[in-house]
Structures are given as C-alpha cells and as structure tokens.
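> So I've got this file, data.csv, and it contains CSV, C-alpha atoms and all ligand atoms:
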```csv
chain,number,residue,atom,x,y,z
H,1,MET,CA,17.5,-29.7,10.5
H,2,PHE,CA,17.8,-26.1,11.7
H,3,GLU,CA,21.5,-25.8,11.1
H,4,ALA,CA,20.8,-26.3,7.4
H,5,LEU,CA,18.6,-23.2,7.3
H,6,PRO,CA,20.0,-20.1,5.5
H,7,GLU,CA,20.7,-17.0,7.7
H,8,PRO,CA,17.5,-15.0,8.1
H,9,LYS,CA,17.4,-11.9,5.9
H,10,ALA,CA,16.7,-8.6,7.8
H,11,ASP,CA,13.7,-6.8,6.5
H,12,ALA,CA,14.7,-3.2,5.8
H,13,ILE,CA,11.5,-1.6,7.3
H,14,LEU,CA,11.0,-4.0,10.2
H,15,SER,CA,14.6,-3.8,11.4
H,16,LEU,CA,14.5,0.0,11.2
H,17,MET,CA,11.3,-0.2,13.4
H,18,ALA,CA,13.2,-2.3,16.0
H,19,ALA,CA,16.3,0.0,15.9
H,20,PHE,CA,14.0,3.0,16.5
H,21,ARG,CA,12.3,1.4,19.5
H,22,ALA,CA,15.7,0.5,21.0
H,23,ASP,CA,17.0,4.1,20.6
H,24,THR,CA,16.9,5.9,24.0
H,25,ARG,CA,17.6,9.4,22.7
H,26,PRO,CA,14.6,11.6,23.7
H,27,ASN,CA,14.7,13.7,20.5
H,28,LYS,CA,14.5,10.6,18.1
H,29,MET,CA,12.3,11.0,15.0
H,30,ASP,CA,10.7,8.1,13.2
H,31,LEU,CA,10.2,8.6,9.4
H,32,GLY,CA,10.4,4.8,8.8
H,33,VAL,CA,7.6,2.3,8.9
H,34,GLY,CA,4.3,3.2,7.2
H,35,ILE,CA,2.0,3.9,10.0
H,36,TYR,CA,-0.1,7.1,10.3
H,37,LYS,CA,0.7,9.3,13.2
H,38,ASP,CA,-1.2,12.3,14.6
H,39,SER,CA,0.4,15.6,15.6
H,40,ALA,CA,1.3,14.1,19.0
H,41,GLY,CA,3.2,11.3,17.2
H,42,LYS,CA,0.6,8.7,18.2
H,43,THR,CA,-1.3,6.1,16.1
H,44,PRO,CA,-4.6,6.1,18.0
H,45,VAL,CA,-7.5,3.7,17.3
H,46,MET,CA,-9.9,5.6,15.1
H,47,ARG,CA,-13.1,6.7,16.9
H,48,ALA,CA,-15.4,4.9,14.6
H,49,ILE,CA,-13.4,1.7,15.1
H,50,LYS,CA,-13.6,2.1,18.9
H,51,SER,CA,-17.4,2.5,18.7
H,52,ALA,CA,-17.8,-0.5,16.4
H,53,GLU,CA,-15.6,-2.6,18.6
H,54,THR,CA,-17.8,-1.7,21.6
H,55,ARG,CA,-20.9,-2.8,19.6
H,56,LEU,CA,-19.2,-6.0,18.5
H,57,LEU,CA,-18.2,-6.9,22.1
H,58,GLU,CA,-21.8,-6.4,23.2
H,59,SER,CA,-23.5,-8.2,20.3
H,60,GLN,CA,-21.3,-11.0,19.3
H,61,ASP,CA,-22.6,-14.3,20.8
H,62,THR,CA,-20.4,-16.8,19.1
H,63,LYS,CA,-16.8,-17.3,18.0
H,64,ALA,CA,-17.7,-20.3,15.7
H,65,TYR,CA,-15.9,-20.5,12.4
H,66,VAL,CA,-17.1,-18.3,9.5
H,67,SER,CA,-15.5,-19.7,6.3
H,68,PRO,CA,-12.2,-19.6,4.3
H,69,THR,CA,-13.4,-16.6,2.3
H,70,GLY,CA,-14.7,-14.9,5.5
H,71,SER,CA,-17.7,-12.7,6.0
H,72,ALA,CA,-19.9,-12.2,2.9
H,73,PRO,CA,-21.2,-8.8,4.1
H,74,PHE,CA,-17.6,-7.6,4.7
H,75,CYS,CA,-16.6,-8.7,1.2
H,76,ALA,CA,-19.6,-6.9,-0.3
H,77,ALA,CA,-18.8,-3.7,1.6
H,78,MET,CA,-15.2,-3.9,0.4
H,79,ILE,CA,-16.3,-4.5,-3.2
H,80,ALA,CA,-18.4,-1.3,-3.0
H,81,GLN,CA,-15.6,0.7,-1.5
H,82,VAL,CA,-13.1,-0.4,-4.1
H,83,PHE,CA,-15.1,-0.8,-7.3
H,84,GLY,CA,-17.8,1.7,-6.4
H,85,LYS,CA,-21.2,1.3,-4.9
H,86,ASP,CA,-22.9,1.2,-8.3
H,87,ALA,CA,-20.4,-1.3,-9.8
H,88,ASP,CA,-21.8,-4.3,-11.7
H,89,THR,CA,-20.8,-7.0,-9.3
H,90,SER,CA,-21.7,-10.0,-11.4
H,91,ARG,CA,-18.1,-10.5,-12.4
H,92,ILE,CA,-16.5,-9.3,-9.1
H,93,ARG,CA,-15.8,-11.5,-6.1
H,94,ALA,CA,-13.8,-11.0,-2.9
H,95,ALA,CA,-12.4,-12.9,0.0
H,96,GLN,CA,-11.6,-11.5,3.4
H,97,SER,CA,-7.8,-11.7,3.9
H,98,VAL,CA,-5.1,-11.4,6.5
H,99,GLY,CA,-4.3,-7.8,5.8
H,100,GLY,CA,-3.2,-6.5,2.3
H,101,SER,CA,-0.1,-8.8,2.4
H,102,GLY,CA,-2.4,-11.9,3.0
H,103,ALA,CA,-4.4,-10.8,0.0
H,104,LEU,CA,-1.3,-10.4,-2.1
H,105,ARG,CA,-0.1,-13.9,-1.2
H,106,VAL,CA,-3.4,-15.8,-1.7
H,107,LEU,CA,-4.0,-14.0,-5.0
H,108,ALA,CA,-0.4,-14.8,-6.1
H,109,ASP,CA,-1.1,-18.4,-5.2
H,110,LEU,CA,-4.3,-18.3,-7.2
H,111,LEU,CA,-2.7,-16.9,-10.3
H,112,LYS,CA,0.1,-19.4,-10.0
H,113,GLU,CA,-2.5,-22.2,-10.4
H,114,GLY,CA,-4.0,-20.5,-13.4
H,115,ARG,CA,-0.8,-19.6,-15.2
H,116,PRO,CA,2.2,-21.5,-13.7
H,117,ASP,CA,4.6,-20.1,-16.2
H,118,ALA,CA,3.8,-16.4,-15.8
H,119,GLU,CA,6.4,-14.1,-14.4
H,120,ILE,CA,5.5,-11.1,-12.3
H,121,TRP,CA,6.7,-7.6,-13.3
H,122,VAL,CA,7.3,-5.3,-10.3
H,123,SER,CA,8.0,-1.6,-10.3
H,124,ASP,CA,11.6,-0.4,-9.6
H,125,PRO,CA,11.4,0.6,-6.8
H,126,SER,CA,8.5,-1.0,-5.0
H,127,TRP,CA,7.4,-1.9,-1.5
H,128,PRO,CA,10.4,-4.1,-0.5
H,129,ASN,CA,8.2,-7.0,0.7
H,130,HIS,CA,6.7,-7.4,-2.7
H,131,VAL,CA,9.8,-9.2,-3.8
H,132,PRO,CA,10.1,-11.9,-1.1
H,133,LEU,CA,6.3,-12.3,-1.0
H,134,MET,CA,6.1,-13.1,-4.7
H,135,LYS,CA,9.2,-15.3,-4.6
H,136,ALA,CA,7.7,-17.3,-1.7
H,137,ALA,CA,4.7,-17.9,-4.0
H,138,GLY,CA,7.0,-19.4,-6.5
H,139,TYR,CA,7.4,-16.6,-9.0
H,140,SER,CA,10.4,-15.4,-10.9
H,141,LEU,CA,10.4,-11.6,-10.9
H,142,GLN,CA,11.1,-8.9,-13.5
H,143,ASN,CA,11.4,-5.2,-12.9
H,144,TYR,CA,10.0,-2.3,-14.8
H,145,PRO,CA,11.5,1.2,-14.4
H,146,TYR,CA,9.1,3.5,-12.6
H,147,TYR,CA,10.6,6.5,-10.9
H,148,ASP,CA,12.8,9.4,-12.0
H,149,ALA,CA,14.6,10.6,-8.9
H,150,ALA,CA,15.8,13.8,-10.7
H,151,THR,CA,12.3,15.0,-11.4
H,152,GLY,CA,10.1,13.1,-8.9
H,153,GLN,CA,8.0,11.9,-11.8
H,154,VAL,CA,7.0,8.5,-13.2
H,155,ARG,CA,9.2,7.3,-16.1
H,156,ILE,CA,6.1,6.4,-18.1
H,157,ASP,CA,7.8,5.9,-21.5
H,158,ASP,CA,10.5,3.7,-20.0
H,159,MET,CA,7.9,1.8,-18.0
H,160,LEU,CA,5.8,1.1,-21.1
H,161,ALA,CA,8.9,0.2,-23.3
H,162,THR,CA,10.0,-2.4,-20.7
H,163,LEU,CA,6.6,-3.9,-20.2
H,164,SER,CA,6.1,-4.2,-23.9
H,165,LYS,CA,8.8,-6.9,-23.7
H,166,ALA,CA,6.9,-9.0,-21.2
H,167,LYS,CA,5.6,-12.3,-22.6
H,168,SER,CA,1.9,-12.8,-23.2
H,169,GLY,CA,0.2,-13.9,-20.0
H,170,ASP,CA,2.7,-12.3,-17.6
H,171,ILE,CA,1.4,-10.5,-14.6
H,172,VAL,CA,2.0,-6.8,-13.9
H,173,LEU,CA,2.0,-5.7,-10.3
H,174,LEU,CA,0.7,-2.0,-10.1
H,175,HIS,CA,0.2,0.3,-7.1
H,176,GLY,CA,-3.4,1.5,-7.3
H,177,CYS,CA,-2.7,4.8,-5.6
H,178,CYS,CA,-0.1,6.4,-3.3
H,179,HIS,CA,2.9,4.5,-4.8
H,180,ASN,CA,5.1,3.0,-2.0
H,181,PRO,CA,7.9,4.1,-1.7
H,182,THR,CA,7.9,7.0,-4.1
H,183,GLY,CA,4.6,8.8,-3.8
H,184,ALA,CA,4.6,9.3,-7.6
H,185,ASP,CA,1.3,8.1,-9.1
H,186,LEU,CA,0.3,7.6,-12.7
H,187,SER,CA,-2.1,10.3,-14.2
H,188,THR,CA,-5.4,9.1,-15.7
H,189,ASP,CA,-3.8,9.5,-19.2
H,190,GLU,CA,-0.9,7.3,-18.1
H,191,TRP,CA,-3.2,4.7,-16.6
H,192,ASN,CA,-5.0,4.5,-19.9
H,193,ARG,CA,-1.7,4.0,-21.7
H,194,VAL,CA,-0.7,1.2,-19.3
H,195,ILE,CA,-4.1,-0.4,-19.8
H,196,ASP,CA,-3.8,-0.1,-23.6
H,197,LEU,CA,-0.5,-2.0,-23.3
H,198,LEU,CA,-1.9,-4.7,-21.0
H,199,LEU,CA,-4.7,-5.3,-23.5
H,200,GLU,CA,-2.4,-5.3,-26.5
H,201,LYS,CA,0.2,-7.7,-25.0
H,202,ASP,CA,-2.3,-9.8,-23.0
H,203,LEU,CA,-0.8,-9.0,-19.6
H,204,PHE,CA,-2.6,-9.6,-16.4
H,205,PRO,CA,-3.1,-6.7,-14.0
H,206,PHE,CA,-2.5,-7.3,-10.3
H,207,VAL,CA,-3.3,-4.1,-8.3
H,208,ASP,CA,-2.0,-3.5,-4.8
H,209,LEU,CA,-4.4,-1.0,-3.1
H,210,ALA,CA,-3.0,-0.4,0.4
H,211,TYR,CA,-3.5,3.4,0.8
H,212,GLN,CA,-7.0,4.1,-0.5
H,213,GLY,CA,-8.1,7.5,1.1
H,214,PHE,CA,-4.5,8.7,1.7
H,215,GLY,CA,-3.9,10.4,-1.7
H,216,ASP,CA,-6.8,12.5,-3.2
H,217,GLY,CA,-9.7,11.0,-1.3
H,218,LEU,CA,-11.4,7.7,-0.7
H,219,GLU,CA,-13.4,7.7,-4.0
H,220,GLU,CA,-10.7,9.5,-6.0
H,221,ASP,CA,-8.0,6.9,-5.0
H,222,ALA,CA,-10.1,4.1,-6.4
H,223,ALA,CA,-10.3,5.8,-9.8
H,224,ALA,CA,-7.5,3.7,-11.3
H,225,VAL,CA,-8.9,0.4,-10.2
H,226,ARG,CA,-12.4,1.4,-11.5
H,227,LEU,CA,-10.9,2.6,-14.8
H,228,MET,CA,-9.0,-0.7,-15.1
H,229,ALA,CA,-12.1,-2.7,-14.3
H,230,SER,CA,-14.1,-0.9,-17.0
H,231,ARG,CA,-11.5,-1.8,-19.6
H,232,VAL,CA,-9.8,-5.2,-18.9
H,233,PRO,CA,-11.4,-8.6,-19.0
H,234,GLU,CA,-9.8,-9.9,-15.9
H,235,MET,CA,-7.8,-8.5,-12.9
H,236,VAL,CA,-7.1,-9.0,-9.2
H,237,VAL,CA,-6.9,-6.4,-6.4
H,238,ALA,CA,-5.3,-6.8,-3.0
H,239,ALA,CA,-6.9,-4.2,-0.7
H,240,SER,CA,-5.7,-3.4,2.8
H,241,CYS,CA,-7.6,-1.9,5.8
H,242,SER,CA,-4.4,-1.5,7.7
H,243,LYS,CA,-3.9,2.2,6.9
H,244,ASN,CA,-7.3,3.7,6.1
H,245,LEU,CA,-9.0,2.1,9.0
H,246,GLY,CA,-5.9,2.1,11.2
H,247,LEU,CA,-6.2,-1.7,11.8
H,248,TYR,CA,-2.6,-2.6,11.3
H,249,ARG,CA,-2.2,-5.3,13.8
H,250,GLU,CA,-5.7,-6.7,13.3
H,251,ARG,CA,-4.7,-7.9,9.8
H,252,VAL,CA,-7.7,-6.9,7.7
H,253,GLY,CA,-7.9,-6.8,3.9
H,254,ALA,CA,-9.7,-8.2,0.9
H,255,ALA,CA,-8.5,-10.4,-2.0
H,256,MET,CA,-10.6,-9.3,-5.0
H,257,LEU,CA,-11.0,-10.5,-8.5
H,258,LEU,CA,-12.8,-9.5,-11.7
H,259,GLY,CA,-13.5,-12.5,-14.0
H,260,LYS,CA,-14.2,-12.5,-17.7
H,261,ASN,CA,-17.8,-13.6,-17.0
H,262,GLU,CA,-19.9,-14.6,-14.0
H,263,ALA,CA,-19.0,-18.3,-14.2
H,264,ASP,CA,-15.3,-17.6,-14.3
H,265,ALA,CA,-15.5,-15.3,-11.4
H,266,THR,CA,-17.4,-17.9,-9.4
H,267,ARG,CA,-14.9,-20.6,-10.2
H,268,ALA,CA,-11.9,-18.4,-9.3
H,269,HIS,CA,-13.6,-17.4,-6.0
H,270,GLY,CA,-14.1,-21.1,-5.2
H,271,ARG,CA,-10.4,-21.8,-5.9
H,272,LEU,CA,-9.5,-18.8,-3.8
H,273,GLY,CA,-11.3,-20.4,-0.9
H,274,SER,CA,-9.3,-23.6,-1.5
H,275,VAL,CA,-6.0,-21.6,-1.6
H,276,ILE,CA,-6.9,-19.9,1.7
H,277,ARG,CA,-8.0,-23.2,3.3
H,278,ALA,CA,-4.6,-24.8,2.3
H,279,ASN,CA,-2.7,-21.7,3.7
H,280,TYR,CA,-4.3,-20.9,7.0
H,281,SER,CA,-7.8,-22.3,6.8
H,282,MET,CA,-9.7,-19.1,7.6
H,283,PRO,CA,-9.1,-15.4,8.3
H,284,PRO,CA,-9.2,-13.8,11.8
H,285,ASP,CA,-12.6,-12.2,12.5
H,286,HIS,CA,-12.3,-9.3,14.9
H,287,GLY,CA,-10.9,-6.6,12.6
H,288,ALA,CA,-13.0,-7.5,9.6
H,289,ASN,CA,-16.2,-7.7,11.7
H,290,THR,CA,-15.4,-4.3,13.1
H,291,THR,CA,-14.8,-3.0,9.6
H,292,GLU,CA,-18.1,-4.5,8.5
H,293,ILE,CA,-19.9,-2.6,11.3
H,294,VAL,CA,-18.2,0.7,10.3
H,295,LEU,CA,-18.9,0.3,6.6
H,296,SER,CA,-22.5,-0.7,7.0
H,297,ASP,CA,-23.7,1.8,9.5
H,298,ASP,CA,-24.3,5.3,8.1
H,299,GLY,CA,-23.3,7.2,11.2
H,300,LEU,CA,-20.1,5.3,11.8
H,301,ASN,CA,-19.3,5.3,8.1
H,302,ASN,CA,-19.6,9.1,8.0
H,303,GLU,CA,-17.5,9.5,11.2
H,304,TRP,CA,-14.8,7.2,9.8
H,305,ARG,CA,-14.7,9.1,6.4
H,306,GLU,CA,-14.3,12.4,8.3
H,307,GLU,CA,-11.5,11.0,10.4
H,308,LEU,CA,-9.8,9.6,7.3
H,309,GLU,CA,-10.2,12.8,5.4
H,310,ALA,CA,-8.6,14.7,8.3
H,311,MET,CA,-5.7,12.3,8.3
H,312,ARG,CA,-5.3,12.8,4.5
H,313,GLN,CA,-5.4,16.6,4.8
H,314,ARG,CA,-2.9,16.6,7.6
H,315,MET,CA,-0.5,14.7,5.3
H,316,VAL,CA,-1.1,17.1,2.4
H,317,GLY,CA,-0.4,20.0,4.7
H,318,LEU,CA,2.8,18.3,6.0
H,319,ARG,CA,4.0,17.8,2.5
H,320,GLN,CA,3.6,21.5,1.7
H,321,ALA,CA,5.2,22.7,4.9
H,322,PHE,CA,8.1,20.3,4.6
H,323,SER,CA,8.9,21.1,1.0
H,324,GLU,CA,8.7,24.8,1.9
H,325,ALA,CA,11.1,24.2,4.9
H,326,LEU,CA,13.5,22.4,2.5
H,327,ARG,CA,13.1,25.2,-0.2
H,328,LYS,CA,14.1,27.8,2.4
H,329,ARG,CA,17.0,25.8,3.9
H,330,SER,CA,18.4,24.6,0.6
H,331,ASN,CA,17.6,27.8,-1.3
H,332,SER,CA,16.5,25.7,-4.2
H,333,ASP,CA,13.4,24.1,-5.7
H,334,ARG,CA,14.9,20.6,-5.7
H,335,PHE,CA,12.5,19.3,-3.0
H,336,ASP,CA,9.3,20.9,-4.5
H,337,TYR,CA,8.2,17.5,-5.8
H,338,ILE,CA,7.4,16.4,-2.3
H,339,ALA,CA,4.4,18.8,-2.1
H,340,ALA,CA,2.9,17.4,-5.4
H,341,GLN,CA,3.3,13.7,-4.6
H,342,LYS,CA,0.6,11.5,-3.1
H,343,GLY,CA,0.0,9.4,0.0
H,344,MET,CA,2.2,8.5,2.9
H,345,PHE,CA,5.6,8.3,1.3
H,346,SER,CA,8.2,10.3,-0.7
H,347,ARG,CA,11.8,9.6,-1.4
H,348,LEU,CA,14.7,11.9,-0.5
H,349,PRO,CA,17.9,11.9,-2.6
H,350,LEU,CA,20.0,10.4,0.2
H,351,SER,CA,22.8,7.9,0.0
H,352,THR,CA,23.4,5.1,2.6
H,353,ALA,CA,26.1,7.3,4.2
H,354,HIS,CA,23.6,10.3,4.4
H,355,ILE,CA,20.9,8.0,5.9
H,356,ASP,CA,23.4,6.5,8.4
H,357,SER,CA,24.5,10.0,9.4
H,358,LEU,CA,20.9,11.1,10.0
H,359,ARG,CA,20.3,8.1,12.2
H,360,GLU,CA,23.6,8.2,14.1
H,361,ASP,CA,24.2,11.9,14.4
H,362,HIS,CA,20.6,13.3,14.5
H,363,ALA,CA,18.5,10.4,15.7
H,364,ILE,CA,16.4,10.6,12.5
H,365,TYR,CA,15.2,7.2,11.2
H,366,ILE,CA,14.7,6.9,7.4
H,367,VAL,CA,14.4,3.7,5.3
H,368,GLY,CA,17.6,2.8,3.5
H,369,ASP,CA,16.2,3.8,0.1
H,370,GLY,CA,15.6,7.4,1.3
H,371,ARG,CA,11.8,6.8,1.8
H,372,ILE,CA,10.2,9.0,4.4
H,373,ASN,CA,6.8,8.5,6.1
H,374,VAL,CA,5.1,11.9,5.6
H,375,ALA,CA,2.8,11.3,8.5
H,376,GLY,CA,5.8,11.0,10.8
H,377,LEU,CA,7.1,14.5,9.9
H,378,PRO,CA,7.2,16.7,13.1
H,379,GLU,CA,4.8,19.6,12.7
H,380,GLY,CA,6.9,21.9,15.0
H,381,GLY,CA,10.3,20.5,13.9
H,382,LEU,CA,10.3,20.8,10.1
H,383,ASP,CA,13.0,23.5,10.0
H,384,LYS,CA,15.2,21.4,12.2
H,385,LEU,CA,14.7,18.3,10.1
H,386,ALA,CA,15.3,20.3,6.9
H,387,ASP,CA,18.5,21.6,8.5
H,388,ALA,CA,19.7,18.1,9.4
H,389,ILE,CA,18.9,16.8,5.8
H,390,CYS,CA,20.7,19.7,4.1
H,391,THR,CA,23.6,19.3,6.6
H,392,VAL,CA,24.2,15.7,5.7
H,393,LEU,CA,23.7,16.4,2.0
H,394,GLY,CA,26.3,19.1,2.1
H,395,ASP,CA,27.1,20.0,-1.5
H,396,ASP,CA,25.6,16.7,-2.9
E,401,LIG,C1,5.4,0.1,5.0
E,401,LIG,O1,5.6,0.1,3.8
E,401,LIG,O2,6.2,0.7,5.8
E,401,LIG,C2,4.2,-0.7,5.6
E,401,LIG,O3,3.5,-1.2,4.5
E,401,LIG,C3,4.6,-1.6,6.7
E,401,LIG,C4,5.2,-2.9,6.2
E,401,LIG,O4,4.7,-3.9,6.5
E,401,LIG,O5,6.3,-2.8,5.5
```
So, in terms of structure tokens, how does the structure I just supplied come out?
Ligand code: LMR

Amino acid sequence: MFEALPEPKADAILSLMAAFRADTRPNKMDLGVGIYKDSAGKTPVMRAIKSAETRLLESQDTKAYVSPTGSAPFCAAMIAQVFGKDADTSRIRAAQSVGGSGALRVLADLLKEGRPDAEIWVSDPSWPNHVPLMKAAGYSLQNYPYYDAATGQVRIDDMLATLSKAKSGDIVLLHGCCHNPTGADLSTDEWNRVIDLLLEKDLFPFVDLAYQGFGDGLEEDAAAVRLMASRVPEMVVAASCSKNLGLYRERVGAAMLLGKNEADATRAHGRLGSVIRANYSMPPDHGANTTEIVLSDDGLNNEWREELEAMRQRMVGLRQAFSEALRKRSNSDRFDYIAAQKGMFSRLPLSTAHIDSLREDHAIYIVGDGRINVAGLPEGGLDKLADAICTVLGDD
C-alpha cells in the first residue's frame, strides 16, 4: 500500500517555518509564514480572547455535540462582521468551519455538487495552498494574471481580458482584501469592473477573506464583499478568524453563502451541513465559542477591535518605515510600492538565488516567491535588513 504513494510535496510556507525553527543562529529573522508578531517578535493571545476563554472555562457545562454547521450565534455574528450588521440576511447563510482553509474546502465541495463541470480561476500569484486545496476537491484550475511586479499594481486589464475567456458557470476565486502574497488590492472601481464581467459572463464569485481588519480597517476591508453581495445573485465567502482574532491553531472560520433567494440559500446551507458531516462530521468548538463571546459582548468586542486596530496600524507604520529604509539604501523609489500596499504581505523582486543567499548568509527567511510578512519586519533592524536585501540584489 504505502510504497505506492507518491513522494510527499513540501509546502513552500510550512517547510520554511520548519527550517526557521531549526536554525540556531541568534540573529535569525522570520519574514515567512503569515502570523502577526508584535514588536517583541511574539504572537501573543489577544487580551479579549484570553478574557473570553476564562469566561468559557467557567461557564461551559457540557462538551456535547453541537451540529455539522456549528453554533448558530457564532454564524450570525460572523455574517454581521462580514456582510454588515444591517445586511438583509434572508439570502445569507453560514457554517462554522475549521479555519479559513476548512471553509475553502467545504465550499469547494459544495460548488462541485452544484456545478461538477465548472473550473476554478485562481489569481497568478495566489496563496500557494489554494492550488492543492482546490485540486483535492476535484477541480481543474486556470490562472488569471493579477500582479505587475514592475509597478506593484494589479494588472486589471489583463485580469479582465483573461477572465472574459472563462466558460459560463466557471468559478472565480478572489481575495476579498489584503491579497496574499502581493498586498495589491483592487480599487472599488476595479471591483465594479470585475463584478460587471462576472455578471456578463455568468461567472460565480468565491471570495477568500482571511485578513479582514489588516488592510484599511475591519469595516473597510469588508467593502468588496458587501459590494459584491449587493450586485451578484449568488456567491460564497470563506472567512478566517486565524489572523484577526489570532486564533491560528484553534482553527476557526466561517463558510458563507448568498443564495438567489431564501429557499436556495436554505437548501445550500442544508447541503453544506451534509458536506461537512461527510468530511469531518462537526467543527471543533473552543475557538469558535471564544469568538462568539468576543463578538457578542460589547466590552470584549471593543477591546478586540482596539487590539486589532493597533496591530493594523503597526503594520502600516512598518510598511512606511521599511520602504523608507529601502529608498535610502537603494537610492531609488523602486520599493515605494510597499508603503501603499495592504495587509500582511508584499513581494520583493528577489530571485531564488537572492532568497537562498538571504537565508544562508544573513539568516533572513523569505518565502521562495519573494513574499515577506510585514508583521515580521524588525522595528529596530530595518536598515540592516534593507542593507542585506540591497547587498544580495547587487545591480539587479
Ligand atoms: C500564510 O499564507 O503564510 C498563512 O496563511 C499560513 C498558511 O497556512 O500558509
């Protein structure tokens, strides 16, 4: 049996994480995996989460099963966070999921049941795990061009031209905010152009919303999803609580759908429950229950929003300081785009040889496509980092 299995494929981000942990050099710097870090380089449990966990520990009196779609109040709170507290929820449904990735997978399975022949269109580049995840759900994938490395901008015309060749009924995977790995987001005008095309060509929007609150703010980062929901008949959204609630290992997220009408939405939600039951039966409770407490308690909710906003502002400040350090060291404006981009990631114009040299000669860990985690930038070491980057780049 096992000898017949193909060799396991190393995941670019997870193998970098393991290599960083194994590195014993004291000055090592992790700009790899997408986890938020504070100025001390730590990823602490958020204060609001700690308080909610304490409450949960004291009040929870059963560990009995909930249901495949999880806690209804958690789902309602997530719908309000993503679609807006005044959204018309008659056509919107949600299921608690195993992180954002779990939401992506069960929604992909659901759509496969609805349209078995649809292909999924993924941005080039995208989060590397989008590809194996969608392939594991049985899809064949197509790419649409997205990022212009020379300008740091979205290639909107090329993106639309390619997507206009998709066949009717195909699915388009879009990053709702804070595009991973580029940090280059669509403007409102560009979102409207994408939505026009989806409507014209009968393409189905599948939005990955993993970084709500890391770009322009919690409400602002939901603007694209809300705009989409106001214009399209149907869509799905995979929302993650890993980043904005710092719940990475607890695996908390929501698989959400907007139906053409109430009956469709209810049917799809029922099928989503069956898909979840067939996959892993039911989601874990602890992180979602904690989230539910934070989102439903005014005091904890305010405390969490303040913590999240401080994290966001720290990343905005780091972007500015890092692009200034690079401007000074390189004596050019070629890195200015970093200050204008959004969320946790940006890409540096580095080849594999540059990235290897940064890791081997400078103990700086960067994902193989040049993606850096902005939250991992060292506040006191930006000049040193800029120097290492410009050194390996040389005249390139
Ligand atoms: C990332 O992009 O680094 C994160 O989403 C972590 C992961 O699972 O890849």
> Do a neighbour search on segment 286-293 of chain H at 9 Å with all atoms listed in the file, toss out local chain neighbours closer than 2 positions, and write the hits as an MDAnalysis selection string.
chainID H and resid 49:50 52:53 55:56 70:71 73:75 77:78 96:97 241 245 247 249:253 283:284 295:297 300:301
> For ligand LIG 401 (chain E), collect every residue having any atom at a distance of at most 7 Å from a ligand atom (counting all atoms listed in the file); output as an MDAnalysis selection string.
chainID H and resid 13:14 32:35 127 129 180
> Report the distance between atom CA of Leu186 of chain H and atom CA of Tyr365 of chain H in Å, rounded to one decimal place.
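Going from atom CA of Leu186 of chain H over to atom CA of Tyr365 of chain H, I get 28.2 Å.
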> What is the atom CA of Asp157 of chain H-atom CA of Ser351 of chain H distance in Å, reported with one decimal?
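Atom-to-atom, atom CA of Asp157 of chain H and atom CA of Ser351 of chain H are spaced 26.3 Å apart.
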> Have a look at atom CA of Cys178 of chain H and atom CA of Gly102 of chain H and let me know their distance in Å, one decimal.
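Atom CA of Cys178 of chain H sits 19.5 Å away from atom CA of Gly102 of chain H.
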> Which one is closest to Gly114 of chain H: H:Phe204, H:Tyr248, H:Tyr36, H:Phe20? Count all atoms listed in the file.
H:Phe204
> From the options H:Ser323, H:Ala239, H:Gly376, H:Pro205, which residue's atoms come nearest to Gly259 of chain H, counting all atoms listed in the file?
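Of all the options, H:Pro205 lies closest to Gly259 of chain H.
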> Which of these residues is nearest to Asn373 of chain H, using all atoms listed in the file: H:Gly270, H:Pro233, H:Pro181, H:Gly394?
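Of the candidates, the smallest distance to Asn373 of chain H is held by H:Pro181.
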> Give me the residues near Lys42 of chain H as a ChimeraX atom specification, where near means some atom within 12 Å (using only C-alpha atoms) and where sequence neighbours in that chain fewer than 2 positions away do not count.
/H:30,35-40,44-46,246,375-376,378
> Hey, which of H:Ser346, H:Thr182, H:Ser51, H:Asn244 ends up closest to Leu218 of chain H? Count only C-alpha atoms.
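Once distances to Leu218 of chain H are computed over only C-alpha atoms, the minimum belongs to H:Asn244.
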> Hey, what's within 9 Å of segment 134-148 of chain H if we count all atoms listed in the file and toss same-chain stuff fewer than 5 positions away? As a PyMOL selection string, please?
chain H and resi 104-106+108-109+112+116-126+129+153-156+158-163+166+182+184
> How would the residues just picked look written out with C-alpha atoms as an mmCIF file, in the frame of the given file?

```
data_model
loop_
_atom_site.group_PDB
_atom_site.id
_atom_site.type_symbol
_atom_site.label_atom_id
_atom_site.label_comp_id
_atom_site.auth_asym_id
_atom_site.auth_seq_id
_atom_site.Cartn_x
_atom_site.Cartn_y
_atom_site.Cartn_z
ATOM 1 C CA LEU H 104 -1.300 -10.400 -2.100
ATOM 2 C CA ARG H 105 -0.100 -13.900 -1.200
ATOM 3 C CA VAL H 106 -3.400 -15.800 -1.700
ATOM 4 C CA ALA H 108 -0.400 -14.800 -6.100
ATOM 5 C CA ASP H 109 -1.100 -18.400 -5.200
ATOM 6 C CA LYS H 112 0.100 -19.400 -10.000
ATOM 7 C CA PRO H 116 2.200 -21.500 -13.700
ATOM 8 C CA ASP H 117 4.600 -20.100 -16.200
ATOM 9 C CA ALA H 118 3.800 -16.400 -15.800
ATOM 10 C CA GLU H 119 6.400 -14.100 -14.400
ATOM 11 C CA ILE H 120 5.500 -11.100 -12.300
ATOM 12 C CA TRP H 121 6.700 -7.600 -13.300
ATOM 13 C CA VAL H 122 7.300 -5.300 -10.300
ATOM 14 C CA SER H 123 8.000 -1.600 -10.300
ATOM 15 C CA ASP H 124 11.600 -0.400 -9.600
ATOM 16 C CA PRO H 125 11.400 0.600 -6.800
ATOM 17 C CA SER H 126 8.500 -1.000 -5.000
ATOM 18 C CA ASN H 129 8.200 -7.000 0.700
ATOM 19 C CA GLN H 153 8.000 11.900 -11.800
ATOM 20 C CA VAL H 154 7.000 8.500 -13.200
ATOM 21 C CA ARG H 155 9.200 7.300 -16.100
ATOM 22 C CA ILE H 156 6.100 6.400 -18.100
ATOM 23 C CA ASP H 158 10.500 3.700 -20.000
ATOM 24 C CA MET H 159 7.900 1.800 -18.000
ATOM 25 C CA LEU H 160 5.800 1.100 -21.100
ATOM 26 C CA ALA H 161 8.900 0.200 -23.300
ATOM 27 C CA THR H 162 10.000 -2.400 -20.700
ATOM 28 C CA LEU H 163 6.600 -3.900 -20.200
ATOM 29 C CA ALA H 166 6.900 -9.000 -21.200
ATOM 30 C CA THR H 182 7.900 7.000 -4.100
ATOM 31 C CA ALA H 184 4.600 9.300 -7.600
#
```
> Kindly extract all protein, DNA and RNA residues lying within 12 Å of the coordinates (23.3, 19.8, 8.8) given in the file, considering all atoms listed in the file, and supply them as a ChimeraX atom specification.
/H:326,329-330,354,357-358,361-362,383-395
